[in-house]
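Student: Take a look at input_7.cif, mmCIF, C-alpha atoms:
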data_work
loop_
_atom_site.label_atom_id
_atom_site.label_comp_id
_atom_site.auth_asym_id
_atom_site.auth_seq_id
_atom_site.Cartn_x
_atom_site.Cartn_y
_atom_site.Cartn_z
CA MET U 227 31.69 41.65 -16.00
CA ASP U 228 28.39 39.99 -16.78
CA TYR U 229 27.75 39.52 -13.12
CA ARG U 230 28.24 43.20 -12.38
CA ARG U 231 25.98 44.18 -15.24
CA VAL U 232 23.28 41.93 -13.92
CA LEU U 233 23.73 43.49 -10.49
CA TYR U 234 23.42 47.01 -11.96
CA ILE U 235 20.28 45.99 -13.84
CA VAL U 236 18.78 44.47 -10.71
CA CYS U 237 19.60 47.61 -8.69
CA ILE U 238 18.01 49.88 -11.28
CA PHE U 239 15.01 47.56 -11.42
CA ILE U 240 14.62 47.71 -7.62
CA ILE U 241 14.96 51.51 -7.53
CA VAL U 242 12.37 51.92 -10.29
CA LEU U 243 10.05 49.49 -8.54
CA THR U 244 10.42 51.30 -5.24
CA LYS U 245 9.59 54.63 -6.85
CA GLN U 246 6.61 53.09 -8.55
CA ASN U 247 5.58 51.47 -5.30
CA ILE U 248 5.22 54.80 -3.64
CA LEU U 249 3.30 56.03 -6.65
CA PHE U 250 1.07 52.97 -6.59
CA ALA U 251 0.55 53.29 -2.86
CA ASN U 252 -0.72 56.77 -3.31
CA THR U 253 -3.04 55.67 -6.06
CA GLY U 254 -4.69 52.89 -4.11
CA MET U 255 -2.54 49.80 -3.51
CA PRO U 256 -1.96 49.80 0.26
CA GLN U 257 0.42 46.85 -0.05
CA LEU U 258 2.97 49.06 -1.75
CA ASP U 259 3.05 51.58 1.07
CA PRO U 260 6.38 50.89 2.79
CA ARG U 261 5.40 52.39 6.15
CA PHE U 262 4.70 49.05 7.83
CA TRP U 263 7.01 46.85 5.77
CA LEU U 264 9.69 46.55 8.41
CA SER U 265 7.15 45.92 11.14
CA GLN U 266 5.54 43.19 9.06
CA ILE U 267 8.89 41.59 8.24
CA PHE U 268 9.85 41.72 11.92
CA TRP U 269 6.67 40.12 13.22
CA LEU U 270 6.55 37.64 10.36
CA THR U 271 10.05 36.48 11.19
CA ILE U 272 9.24 36.13 14.88
CA THR U 273 5.99 34.26 14.23
CA PHE U 274 7.62 32.01 11.68
CA VAL U 275 10.53 31.22 13.98
CA VAL U 276 8.15 30.43 16.85
CA ILE U 277 6.06 28.06 14.72
CA TYR U 278 9.22 26.53 13.26
CA PHE U 279 10.66 26.00 16.72
CA PHE U 280 7.52 24.30 18.05
CA ILE U 281 7.08 22.16 14.95
CA SER U 282 10.71 21.09 14.64
CA LYS U 283 11.39 20.54 18.35
CA ILE U 284 8.08 19.29 19.74
CA PHE U 285 5.36 18.34 17.27
CA SER U 286 7.36 16.88 14.41
CA PRO U 287 9.39 14.46 16.57
CA LYS U 288 6.21 13.43 18.41
CA ILE U 289 4.29 12.70 15.22
CA SER U 290 7.20 11.03 13.46
CA LYS U 291 7.76 8.89 16.57
CA VAL U 292 4.14 7.77 16.69
CA ILE U 293 4.19 7.05 12.95
CA GLN U 294 7.40 5.08 13.36
CA ASP U 295 5.95 3.25 16.38
CA ARG U 296 2.87 2.34 14.38
CA LYS U 297 5.05 1.18 11.50
CA ASP U 298 7.10 -0.94 13.92
CA LEU U 299 3.96 -2.31 15.53
CA ILE U 300 2.50 -3.24 12.16
CA GLU U 301 5.79 -4.82 11.16
CA LYS U 302 5.89 -6.71 14.46
CA CYS U 303 2.30 -7.87 13.97
CA ILE U 304 3.12 -8.99 10.44
CA ASN U 305 6.20 -10.83 11.71
CA ASP U 306 4.14 -12.42 14.49
CA ALA U 307 1.49 -13.42 12.01
CA ASN U 308 4.18 -14.88 9.77
CA SER U 309 5.75 -16.83 12.63
CA ILE U 310 2.31 -18.10 13.69
CA LYS U 311 1.66 -19.03 10.08
CA ASN U 312 4.96 -20.91 9.98
CA GLU U 313 4.09 -22.60 13.26
CA ILE U 314 0.70 -23.61 11.87
CA GLN U 315 2.46 -24.86 8.76
CA SER U 316 4.87 -26.95 10.80
CA LEU U 317 2.01 -28.27 12.97
CA ASP U 318 0.09 -29.06 9.83
CA ASN U 319 3.11 -30.87 8.44
CA GLU U 320 3.49 -32.78 11.69
CA TYR U 321 -0.19 -33.67 11.63
CA LYS U 322 0.12 -34.87 8.06
CA LYS U 323 3.19 -36.87 9.01
CA ILE U 324 1.32 -38.48 11.92
CA ILE U 325 -1.64 -39.25 9.69
CA ASP U 326 0.67 -40.69 7.04
CA ASN U 327 2.43 -42.79 9.67
CA ALA U 328 -0.89 -44.02 11.02
CA TYR U 329 -2.01 -44.88 7.51
CA SER U 330 1.17 -46.75 6.70
CA GLU U 331 1.06 -48.59 10.04
CA ALA U 332 -2.57 -49.51 9.49
CA ARG U 333 -1.71 -50.71 6.02
CA LYS U 334 1.18 -52.73 7.37
CA LYS U 335 -1.02 -54.29 10.04
CA SER U 336 -3.79 -55.04 7.60
CA ASP U 337 -1.26 -56.56 5.18
CA LYS U 338 0.15 -58.68 7.99
CA LEU U 339 -3.32 -59.77 9.02
CA LYS U 340 -4.18 -60.57 5.45
CA PHE U 341 -1.02 -62.59 5.08
CA GLU U 342 -1.72 -64.52 8.30
CA LEU U 343 -5.29 -65.14 7.25
CA ASN U 344 -4.15 -66.33 3.87
CA GLN U 345 -1.62 -68.62 5.52
CA ASN U 346 -4.28 -70.05 7.86
CA LEU U 347 -6.59 -70.44 4.94
CA ASN U 348 -3.94 -72.23 2.95
CA VAL U 349 -3.17 -74.56 5.84
CA LYS U 350 -6.83 -75.31 6.36
CA ARG U 351 -7.37 -75.74 2.64
CA THR U 352 -4.49 -78.22 2.35
CA THR U 353 -5.77 -80.15 5.37
CA LEU U 354 -9.25 -80.18 3.93
CA GLU U 355 -8.00 -81.18 0.51
CA LYS U 356 -5.99 -83.93 2.13
CA GLU U 357 -9.02 -85.13 4.05
CA ILE U 358 -11.15 -85.01 0.91
CA ASN U 359 -8.47 -86.89 -1.01
CA ASP U 360 -8.30 -89.51 1.72
CA LYS U 361 -12.04 -89.90 1.69
CA VAL U 362 -12.11 -90.04 -2.12
CA LYS U 363 -9.43 -92.71 -1.97
CA ASP U 364 -11.43 -94.66 0.62
CA VAL U 365 -14.53 -94.41 -1.51
CA GLU U 366 -12.57 -95.42 -4.60
CA LYS U 367 -11.23 -98.41 -2.70
CA GLU U 368 -14.69 -99.35 -1.60
CA LEU U 369 -15.89 -98.96 -5.15
CA ILE U 370 -13.14 -101.19 -6.45
CA ILE U 371 -13.99 -103.81 -3.85
CA PHE U 372 -17.63 -103.49 -4.71
CA LYS U 373 -16.82 -103.75 -8.42
CA GLN U 374 -14.71 -106.77 -7.86
CA GLU U 375 -17.42 -108.41 -5.79
CA THR U 376 -19.96 -107.48 -8.35
CA LEU U 377 -17.77 -108.91 -11.09
CA LYS U 378 -17.36 -112.06 -9.07
CA ASN U 379 -21.11 -112.60 -8.88
CA PHE U 380 -21.61 -111.29 -12.33
CA SER U 381 -21.65 -114.70 -14.18
CA THR U 382 -24.01 -116.23 -11.63
CA ILE U 383 -26.43 -113.30 -11.99
CA ILE U 384 -26.26 -113.42 -15.81
CA SER U 385 -26.76 -117.23 -15.74
CA ASP U 386 -29.81 -116.84 -13.49
CA ILE U 387 -31.30 -114.15 -15.68
CA SER U 388 -30.55 -116.20 -18.86
CA SER U 389 -32.09 -119.40 -17.50
CA ASN U 390 -35.12 -117.47 -16.38
CA LEU U 391 -35.43 -115.73 -19.71
CA LEU U 392 -35.01 -119.03 -21.60
CA GLU U 393 -37.47 -120.73 -19.42
CA LYS U 394 -40.04 -117.97 -19.69
CA LEU U 395 -39.63 -117.10 -23.31
CA LEU U 396 -38.70 -120.34 -24.97
CA LYS U 397 -40.03 -122.70 -22.35
CA ILE U 398 -36.72 -124.47 -22.39
CA LYS U 399 -35.01 -125.64 -19.29
CA ILE U 400 -31.28 -125.83 -19.49
CA GLU U 401 -29.04 -126.88 -16.71
CA LYS U 402 -27.66 -124.12 -14.64
CA ASN U 403 -24.09 -125.45 -14.89
CA LYS U 404 -24.11 -125.33 -18.65
CA ILE U 405 -25.39 -121.83 -18.75
CA GLU U 406 -22.81 -120.74 -16.22
CA LYS U 407 -20.08 -122.36 -18.25
CA SER U 408 -21.13 -120.69 -21.50
CA VAL U 409 -21.50 -117.32 -19.76
CA LYS U 410 -18.03 -117.69 -18.32
CA ASN U 411 -16.70 -118.53 -21.77
CA ILE U 412 -18.32 -115.50 -23.33
CA LEU U 413 -17.04 -113.27 -20.55
CA GLU U 414 -13.57 -114.76 -20.94
CA ARG U 415 -13.64 -114.09 -24.65
CA GLN U 416 -14.78 -110.56 -24.13
CA LYS U 417 -12.08 -110.03 -21.58
CA ASN U 418 -9.53 -111.33 -24.02
CA THR U 419 -10.82 -109.11 -26.78
CA ILE U 420 -10.59 -106.06 -24.50
CA ASN U 421 -7.11 -107.05 -23.40
CA VAL U 422 -6.00 -107.58 -27.01
CA MET H 147 -19.44 51.39 -2.76
CA ALA H 148 -16.43 50.94 -0.47
CA ASN H 149 -13.01 50.82 -2.06
CA PRO H 150 -12.17 47.11 -2.63
CA MET H 151 -8.53 47.89 -1.88
CA GLN H 152 -9.35 49.19 1.55
CA GLN H 153 -9.30 45.67 3.00
CA PHE H 154 -5.57 45.45 2.32
CA GLU H 155 -4.73 48.54 4.35
CA VAL H 156 -2.32 47.96 7.20
CA TYR H 157 -2.89 50.01 10.28
CA LYS H 158 -1.37 50.24 13.68
CA ILE H 159 -2.98 48.43 16.61
CA GLY H 160 -2.09 49.15 20.22
CA PRO H 161 0.88 51.17 21.46
CA SER H 162 3.65 52.06 19.06
CA LEU H 163 6.91 50.17 19.37
CA GLN H 164 9.97 51.89 18.02
CA ILE H 165 13.55 50.71 17.99
CA GLY H 166 15.70 53.58 16.84
CA ASN H 167 14.07 54.96 13.74
CA ILE H 168 12.38 51.68 12.93
CA ASP H 169 8.66 51.38 13.66
CA LEU H 170 7.90 47.84 14.81
CA SER H 171 4.41 48.51 16.15
CA LEU H 172 1.79 45.80 16.09
CA THR H 173 -0.50 46.07 13.11
CA ASN H 174 -3.62 44.25 11.96
CA SER H 175 -1.27 42.22 9.75
CA SER H 176 0.82 41.05 12.68
CA ILE H 177 -2.32 40.26 14.70
CA PHE H 178 -3.48 37.91 11.95
CA MET H 179 -0.01 36.41 11.78
CA PHE H 180 -0.32 35.63 15.48
CA THR H 181 -3.81 34.23 14.95
CA SER H 182 -2.51 31.91 12.24
CA ALA H 183 0.42 30.88 14.40
CA ALA H 184 -1.90 30.25 17.34
CA PHE H 185 -4.21 28.21 15.17
CA ILE H 186 -1.33 26.05 13.91
CA LEU H 187 0.12 25.59 17.38
CA VAL H 188 -3.26 24.74 18.93
CA PHE H 189 -3.99 22.35 16.06
CA PHE H 190 -0.74 20.49 16.67
CA PHE H 191 -0.96 20.78 20.44
CA LEU H 192 -4.41 19.20 20.58
CA GLY H 193 -3.48 16.62 17.97
CA THR H 194 -0.35 15.49 19.75
CA LYS H 195 -1.69 15.84 23.31
CA ASN H 196 -2.44 12.16 23.73
CA VAL H 197 -0.59 10.50 20.90
CA SER H 198 -1.27 6.83 20.50
CA THR H 199 -0.71 4.23 17.86
CA ILE H 200 -4.45 4.15 17.27
CA PRO H 201 -4.97 7.85 16.55
CA GLY H 202 -7.83 10.16 17.48
CA LYS H 203 -9.56 12.48 15.01
CA LEU H 204 -7.18 15.41 15.41
CA GLN H 205 -4.15 13.17 15.45
CA ILE H 206 -5.29 11.70 12.14
CA LEU H 207 -5.48 15.24 10.74
CA ASN H 208 -2.03 16.03 12.08
CA GLU H 209 -0.58 12.90 10.59
CA LEU H 210 -2.37 13.61 7.32
CA VAL H 211 -0.68 17.01 7.01
CA PHE H 212 2.60 15.53 8.18
CA ASN H 213 2.53 12.69 5.64
CA PHE H 214 1.29 14.96 2.88
CA ILE H 215 4.30 17.26 3.22
CA ALA H 216 6.72 14.38 3.84
CA LYS H 217 5.55 12.71 0.63
CA MET H 218 5.75 15.97 -1.30
CA ILE H 219 9.32 16.61 -0.17
CA ASP H 220 10.30 13.05 -0.93
CA GLU H 221 8.86 13.24 -4.44
CA THR H 222 10.25 16.65 -5.38
CA ALA H 223 13.52 16.97 -3.52
CA GLY H 224 14.46 13.42 -2.55
CA TYR H 225 15.70 11.97 0.70
CA LYS H 226 18.47 14.58 1.08
CA ALA H 227 15.84 17.24 1.80
CA LYS H 228 14.54 15.41 4.86
CA ASN H 229 16.37 17.81 7.15
CA TYR H 230 14.36 20.69 5.74
CA PHE H 231 11.04 18.99 6.45
CA PRO H 232 10.09 21.17 9.48
CA PHE H 233 10.85 24.32 7.49
CA ILE H 234 8.69 23.29 4.52
CA LEU H 235 5.93 22.08 6.84
CA THR H 236 5.98 25.40 8.72
CA LEU H 237 6.02 27.34 5.48
CA PHE H 238 3.11 25.41 3.98
CA LEU H 239 0.97 25.51 7.11
CA PHE H 240 1.69 29.16 7.82
CA ILE H 241 0.79 30.27 4.29
CA LEU H 242 -2.23 27.96 4.19
CA THR H 243 -3.58 29.20 7.50
CA MET H 244 -3.03 32.84 6.61
CA ASN H 245 -4.77 32.29 3.26
CA MET H 246 -7.70 30.47 4.89
CA ILE H 247 -8.14 32.87 7.79
CA GLY H 248 -8.20 35.72 5.28
CA LEU H 249 -11.33 34.24 3.74
CA PHE H 250 -13.41 34.93 6.84
CA PRO H 251 -15.47 38.11 6.62
CA TYR H 252 -13.72 41.12 8.17
CA ALA H 253 -10.49 39.13 8.45
CA PHE H 254 -7.21 40.41 7.09
CA THR H 255 -5.28 38.38 4.53
CA VAL H 256 -1.63 38.56 5.49
CA THR H 257 -0.52 36.85 2.27
CA SER H 258 -2.08 39.64 0.21
CA GLN H 259 0.80 41.83 1.35
CA ILE H 260 3.62 41.75 -1.17
CA ILE H 261 6.19 42.35 1.53
CA VAL H 262 5.11 39.19 3.37
CA THR H 263 5.25 36.95 0.29
CA LEU H 264 8.46 38.60 -0.84
CA SER H 265 10.02 37.93 2.57
CA PHE H 266 9.12 34.27 2.30
CA ALA H 267 10.41 34.09 -1.25
CA LEU H 268 13.65 35.88 -0.34
CA ILE H 269 14.25 33.61 2.65
CA ILE H 270 13.86 30.62 0.35
CA PHE H 271 15.96 32.17 -2.41
CA ILE H 272 18.81 33.14 -0.10
CA GLY H 273 18.55 29.90 1.86
CA VAL H 274 18.64 27.76 -1.27
CA THR H 275 21.59 29.71 -2.68
CA VAL H 276 23.51 29.38 0.59
CA ILE H 277 22.72 25.64 0.79
CA GLY H 278 23.83 25.23 -2.83
CA PHE H 279 27.16 26.93 -2.24
CA ALA H 280 27.67 25.14 1.08
CA LYS H 281 27.03 21.72 -0.48
CA HIS H 282 28.79 22.12 -3.81
CA GLY H 283 31.12 25.11 -3.38
CA VAL H 284 31.88 27.10 -6.49
CA SER H 285 30.65 24.24 -8.69
CA PHE H 286 27.14 25.26 -7.68
CA LEU H 287 27.51 27.88 -10.44
CA LYS H 288 27.23 24.97 -12.87
CA ILE H 289 23.50 25.27 -12.30
CA PHE H 290 23.66 28.12 -14.84
CA LEU H 291 25.33 25.88 -17.43
CA PRO H 292 22.77 23.65 -19.11
CA SER H 293 24.39 20.45 -20.32
CA GLY H 294 24.36 19.31 -23.95
CA ILE H 295 24.18 22.81 -25.44
CA PRO H 296 26.35 24.04 -28.36
CA ILE H 297 29.15 26.32 -27.16
CA PHE H 298 28.08 29.33 -29.24
CA LEU H 299 24.68 29.30 -27.49
CA LEU H 300 26.22 29.04 -24.05
CA PRO H 301 26.70 32.76 -23.21
CA LEU H 302 23.12 33.53 -24.14
CA LEU H 303 21.76 30.60 -22.16
CA VAL H 304 23.88 31.43 -19.12
CA VAL H 305 22.43 34.94 -19.11
CA ILE H 306 18.90 33.51 -19.44
CA GLU H 307 19.56 31.02 -16.65
CA VAL H 308 20.92 33.73 -14.36
CA ILE H 309 17.92 35.95 -15.03
CA SER H 310 15.52 33.07 -14.49
CA TYR H 311 17.30 32.17 -11.25
CA LEU H 312 17.18 35.75 -10.01
CA SER H 313 13.55 36.11 -10.96
CA ARG H 314 12.59 33.14 -8.78
CA PRO H 315 11.79 35.17 -5.66
CA VAL H 316 9.83 37.68 -7.73
CA SER H 317 7.71 35.03 -9.45
CA LEU H 318 7.26 33.08 -6.22
CA SER H 319 6.11 36.09 -4.23
CA VAL H 320 4.05 37.77 -6.93
CA ARG H 321 2.18 34.54 -7.69
CA LEU H 322 0.89 34.19 -4.15
CA PHE H 323 0.35 37.90 -3.63
CA ALA H 324 -1.51 38.40 -6.92
CA ASN H 325 -3.74 35.39 -6.37
CA MET H 326 -4.76 36.53 -2.92
CA LEU H 327 -5.16 40.14 -4.03
CA ALA H 328 -7.29 39.27 -7.06
CA GLY H 329 -9.50 36.81 -5.18
CA HIS H 330 -10.21 39.10 -2.29
CA THR H 331 -10.76 42.13 -4.49
CA MET H 332 -13.25 40.16 -6.55
CA LEU H 333 -15.06 38.95 -3.43
CA LYS H 334 -15.21 42.50 -2.14
CA VAL H 335 -16.53 43.83 -5.48
CA PHE H 336 -19.26 41.19 -5.63
CA GLY H 337 -20.07 41.82 -1.97
CA GLY H 338 -20.45 45.48 -2.84
CA PHE H 339 -22.85 44.58 -5.66
CA VAL H 340 -24.97 42.56 -3.25
CA VAL H 341 -25.28 45.56 -0.95
CA SER H 342 -25.99 48.08 -3.71
CA LEU H 343 -28.51 45.90 -5.55
CA GLY H 344 -30.35 45.08 -2.37
CA ILE H 345 -32.80 42.21 -1.84
CA ILE H 346 -34.34 42.40 -5.32
CA GLY H 347 -31.25 42.04 -7.50
CA GLY H 348 -28.66 41.08 -4.94
CA TRP H 349 -29.14 37.33 -5.16
CA LEU H 350 -27.18 37.06 -8.43
CA PRO H 351 -23.92 38.62 -7.19
CA PHE H 352 -24.54 36.84 -3.89
CA SER H 353 -24.57 33.44 -5.58
CA PHE H 354 -21.44 34.46 -7.49
CA SER H 355 -19.96 35.43 -4.18
CA VAL H 356 -20.71 31.98 -2.76
CA LEU H 357 -19.14 30.29 -5.77
CA LEU H 358 -16.15 32.60 -5.61
CA THR H 359 -15.67 31.79 -1.94
CA ALA H 360 -15.51 28.09 -2.80
CA LEU H 361 -13.04 28.88 -5.55
CA GLU H 362 -11.00 31.03 -3.19
CA ILE H 363 -10.81 28.20 -0.65
CA LEU H 364 -9.37 26.04 -3.41
CA VAL H 365 -7.00 28.81 -4.49
CA ALA H 366 -5.91 29.35 -0.87
CA PHE H 367 -4.94 25.72 -0.58
CA LEU H 368 -3.47 25.50 -4.05
CA GLN H 369 -1.27 28.57 -3.65
CA ALA H 370 0.10 27.33 -0.34
CA TYR H 371 0.81 23.99 -1.99
CA VAL H 372 2.40 25.60 -5.05
CA PHE H 373 4.58 27.77 -2.84
CA ALA H 374 5.75 24.72 -0.86
CA VAL H 375 6.30 22.59 -3.98
CA LEU H 376 8.32 25.31 -5.70
CA SER H 377 10.41 25.76 -2.57
CA CYS H 378 11.08 22.01 -2.63
CA ILE H 379 12.03 22.14 -6.31
CA TYR H 380 14.46 24.99 -5.68
CA LEU H 381 15.83 23.04 -2.73
CA ASN H 382 16.22 20.03 -4.98
CA ASP H 383 18.27 22.15 -7.41
CA ALA H 384 20.55 23.20 -4.57
CA LEU H 385 20.90 19.72 -3.09
CA ASN H 386 21.08 17.52 -6.15
CA MET H 387 21.98 19.96 -8.96
CA HIS H 388 19.98 18.21 -11.65
CA HIS H 389 20.38 20.62 -14.47
#
Please, can you express the file's structure as structure tokens?

Tutor:
Amino acid sequence: MDYRRVLYIVCIFIIVLTKQNILFANTGMPQLDPRFWLSQIFWLTITFVVIYFFISKIFSPKISKVIQDRKDLIEKCINDANSIKNEIQSLDNEYKKIIDNAYSEARKKSDKLKFELNQNLNVKRTTLEKEINDKVKDVEKELIIFKQETLKNFSTIISDISSNLLEKLLKIKIEKNKIEKSVKNILERQKNTINV
Amino acid sequence: MANPMQQFEVYKIGPSLQIGNIDLSLTNSSIFMFTSAAFILVFFFLGTKNVSTIPGKLQILNELVFNFIAKMIDETAGYKAKNYFPFILTLFLFILTMNMIGLFPYAFTVTSQIIVTLSFALIIFIGVTVIGFAKHGVSFLKIFLPSGIPIFLLPLLVVIEVISYLSRPVSLSVRLFANMLAGHTMLKVFGGFVVSLGIIGGWLPFSFSVLLTALEILVAFLQAYVFAVLSCIYLNDALNMHH
């Protein structure tokens, strides 16, 4: 029911409008003159259909294709760039790996060299120390011999010095044997005291 | 001063063409329709003559228009409306070109004819209704039932919705027609002032005329855009039924 009413209202509205149109047309609105309406609708439809046909069948597919192609190309370029980037990354990693390897090898070699040098040094040091010790021992031996010899002649020297001193200071001449004897006694006593 | 409405007069050009009782003769209106169509076709023909991934100047313009409409459809009607892209593109370009060509002195503005805008609006109205029924069947009538409304308000709102739906073609056509009519009448009136005031006083209406022309260029674009956007919104209603 409502639908019909609306239809009636619309029909009345259109009729009134049409009547007014003619009125308006006479009073100066050429648009409302229905003489060329059908002709305009006809040519408008034809023109519109022609443009629509050309746009939908020729121009639109061409433009959308070129846009799609460009999009694909850009995507391809981006993918290529990404793959090149990845390649560079892997090369860089490889380079780093090689450098690291070289470093570690160099370190290993230097450590080995250091170790060998240290070993050589140690060997040489021990040989040298041994030589020095031997020489020290020799010298010590010589010293002992010298000491012993010196000790042997010690009483004679002291006796000589004492007799000379006595003779020069006190003008007394004592026999060398006596002096030697007393010196020996004193030395003996001292030796005993040290031993005790 | 010449009648500012005279510019909207349609008159016959060339031999008369009659099919039965119907007069289909060429008029100044149809000549400017052809001019607009030729302009659009030449624009696209030259732009797509040597298409390449690195575009030339005209190709850039073509793609600009293409992307502009594609984006507009995508934003207003969603991906489902992609099939109607050529129609909306044709509609927008045709209206835009007719509006713009009408701004040239002595040119005829086809879109200032109510019958032309009404034809466009009716095509869209009928098309959208047919698409709606084809996609959703009888449930397309749900578009008149706003959701979340108390039952006692429903009859009133359904009537309002039906009226608003039926008034779509009227508002769509009258908007474009009235804008073109008003703009061109105003330009004509100011042009008349320039002539009648002569060199001494004519510079003031002349400068207004210049400013109005700039405004009319904007309006010409804007109305074509509004027409296309509203068509997309109506299409969206038919395709997605967001109500």

Student: Which residues of chain H are close to chain U, meaning at most 8 Å apart when you count all atoms listed in the file, and how do they look as number ranges by chain?

Tutor: H: 151-152, 154-156, 168-173, 175-176, 179-180, 183, 186-187, 190-191, 194, 197-199, 208-209, 212, 232-233, 236-237, 240, 258-262, 265

Student: What residues come out when you apply the PyMOL selection byres ((chain H and resi 243) around 12) to this file, written as a VMD selection string?

Tutor: chain H and resid 178 to 187 189 235 to 242 244 to 250 254 to 257 363 366 to 367 369 to 371

Student: Go through U:Val409, U:Ala307, U:Val362, U:Ala332 and flag the residue nearest U:Ser381, using only C-alpha atoms for the distances.

Tutor: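 Checking each of U:Val409, U:Ala307, U:Val362, U:Ala332 against U:Ser381, counting only C-alpha atoms, the winner is U:Val409.
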
Student: As an exercise, work out the distance from atom CA of H:Leu376 to atom CA of H:Glu221 in Å and give it to one decimal place.

Tutor: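 So the answer is 12.1 Å.
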
Student: In Å, rounded to a single decimal, give me how far atom CA of H:Gly224 is from atom CA of H:Leu385.

Tutor: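 So the two atoms, atom CA of H:Leu385 and atom CA of H:Gly224, lie 9.0 Å apart.
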
Student: Around the point (-26.0, -121.3, -16.2) in the file's coordinates, collect all residues with an atom within 8 Å, using all atoms listed in the file, and return them as a list in words.

Tutor: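 All residues meeting the 8 Å criterion around (-26.0, -121.3, -16.2) are Thr382, Ile384, Ser385, Asp386, Ser388, Ser389, Ile400, Glu401, Lys402, Asn403, Lys404, Ile405, Glu406, Lys407, Ser408 and Val409 of chain U.
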
Student: For a test of reading the model, state the distance in Å between atom CA of H:Ile346 and atom CA of H:Leu327, rounded to one decimal.

Tutor: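 Between atom CA of H:Ile346 and atom CA of H:Leu327 the gap works out to 29.3 Å.
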
Student: For the file shown, what are the residues hit by the PyMOL selection byres ((chain H and resi 291) around 12), laid out as a PyMOL selection string?

Tutor: chain H and resi 285-290+292-297+299-308+311+387-389

Student: Since we have the selection now, will you write its residues out, keeping C-alpha atoms, as an mmCIF file, in the coordinates of the input?

Tutor:
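And here is the file that came out, selection-v2.cif:
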data_model
loop_
_atom_site.group_PDB
_atom_site.id
_atom_site.type_symbol
_atom_site.label_atom_id
_atom_site.label_comp_id
_atom_site.auth_asym_id
_atom_site.auth_seq_id
_atom_site.Cartn_x
_atom_site.Cartn_y
_atom_site.Cartn_z
ATOM 1 C CA SER H 285 30.650 24.240 -8.690
ATOM 2 C CA PHE H 286 27.140 25.260 -7.680
ATOM 3 C CA LEU H 287 27.510 27.880 -10.440
ATOM 4 C CA LYS H 288 27.230 24.970 -12.870
ATOM 5 C CA ILE H 289 23.500 25.270 -12.300
ATOM 6 C CA PHE H 290 23.660 28.120 -14.840
ATOM 7 C CA PRO H 292 22.770 23.650 -19.110
ATOM 8 C CA SER H 293 24.390 20.450 -20.320
ATOM 9 C CA GLY H 294 24.360 19.310 -23.950
ATOM 10 C CA ILE H 295 24.180 22.810 -25.440
ATOM 11 C CA PRO H 296 26.350 24.040 -28.360
ATOM 12 C CA ILE H 297 29.150 26.320 -27.160
ATOM 13 C CA LEU H 299 24.680 29.300 -27.490
ATOM 14 C CA LEU H 300 26.220 29.040 -24.050
ATOM 15 C CA PRO H 301 26.700 32.760 -23.210
ATOM 16 C CA LEU H 302 23.120 33.530 -24.140
ATOM 17 C CA LEU H 303 21.760 30.600 -22.160
ATOM 18 C CA VAL H 304 23.880 31.430 -19.120
ATOM 19 C CA VAL H 305 22.430 34.940 -19.110
ATOM 20 C CA ILE H 306 18.900 33.510 -19.440
ATOM 21 C CA GLU H 307 19.560 31.020 -16.650
ATOM 22 C CA VAL H 308 20.920 33.730 -14.360
ATOM 23 C CA TYR H 311 17.300 32.170 -11.250
ATOM 24 C CA MET H 387 21.980 19.960 -8.960
ATOM 25 C CA HIS H 388 19.980 18.210 -11.650
ATOM 26 C CA HIS H 389 20.380 20.620 -14.470
#

Student: On this file, the PyMOL selection byres ((chain H and resi 382) around 9) gives some set of residues; write that set as an MDAnalysis selection string.

Tutor: chainID H and resid 222:224 226:227 274 377:381 383:388

Student: Using only C-alpha atoms, which protein or nucleic acid residues come within 8 Å of H:Lys228? Drop anything in the same chain fewer than 4 positions from it, and give the result as number ranges by chain.

Tutor: H: 216, 219-220, 224

Student: Which neighbours of H:Phe354 fall inside 9 Å, counting only C-alpha atoms, when residues of the same chain fewer than 4 positions from it are skipped, and could you give them as a ChimeraX atom specification?

Tutor: /H:333,336,349-350,358-359

Student: At a cut-off of 9 Å, using all atoms listed in the file, what residues contact H:Leu268? Leave out same-chain residues fewer than 5 positions from it and give the result as a list in words.

Tutor: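 Once the nearby chain positions are removed, what remains is Thr263, Gly273, Arg314, Pro315, Val316 and Ser319 of chain H.
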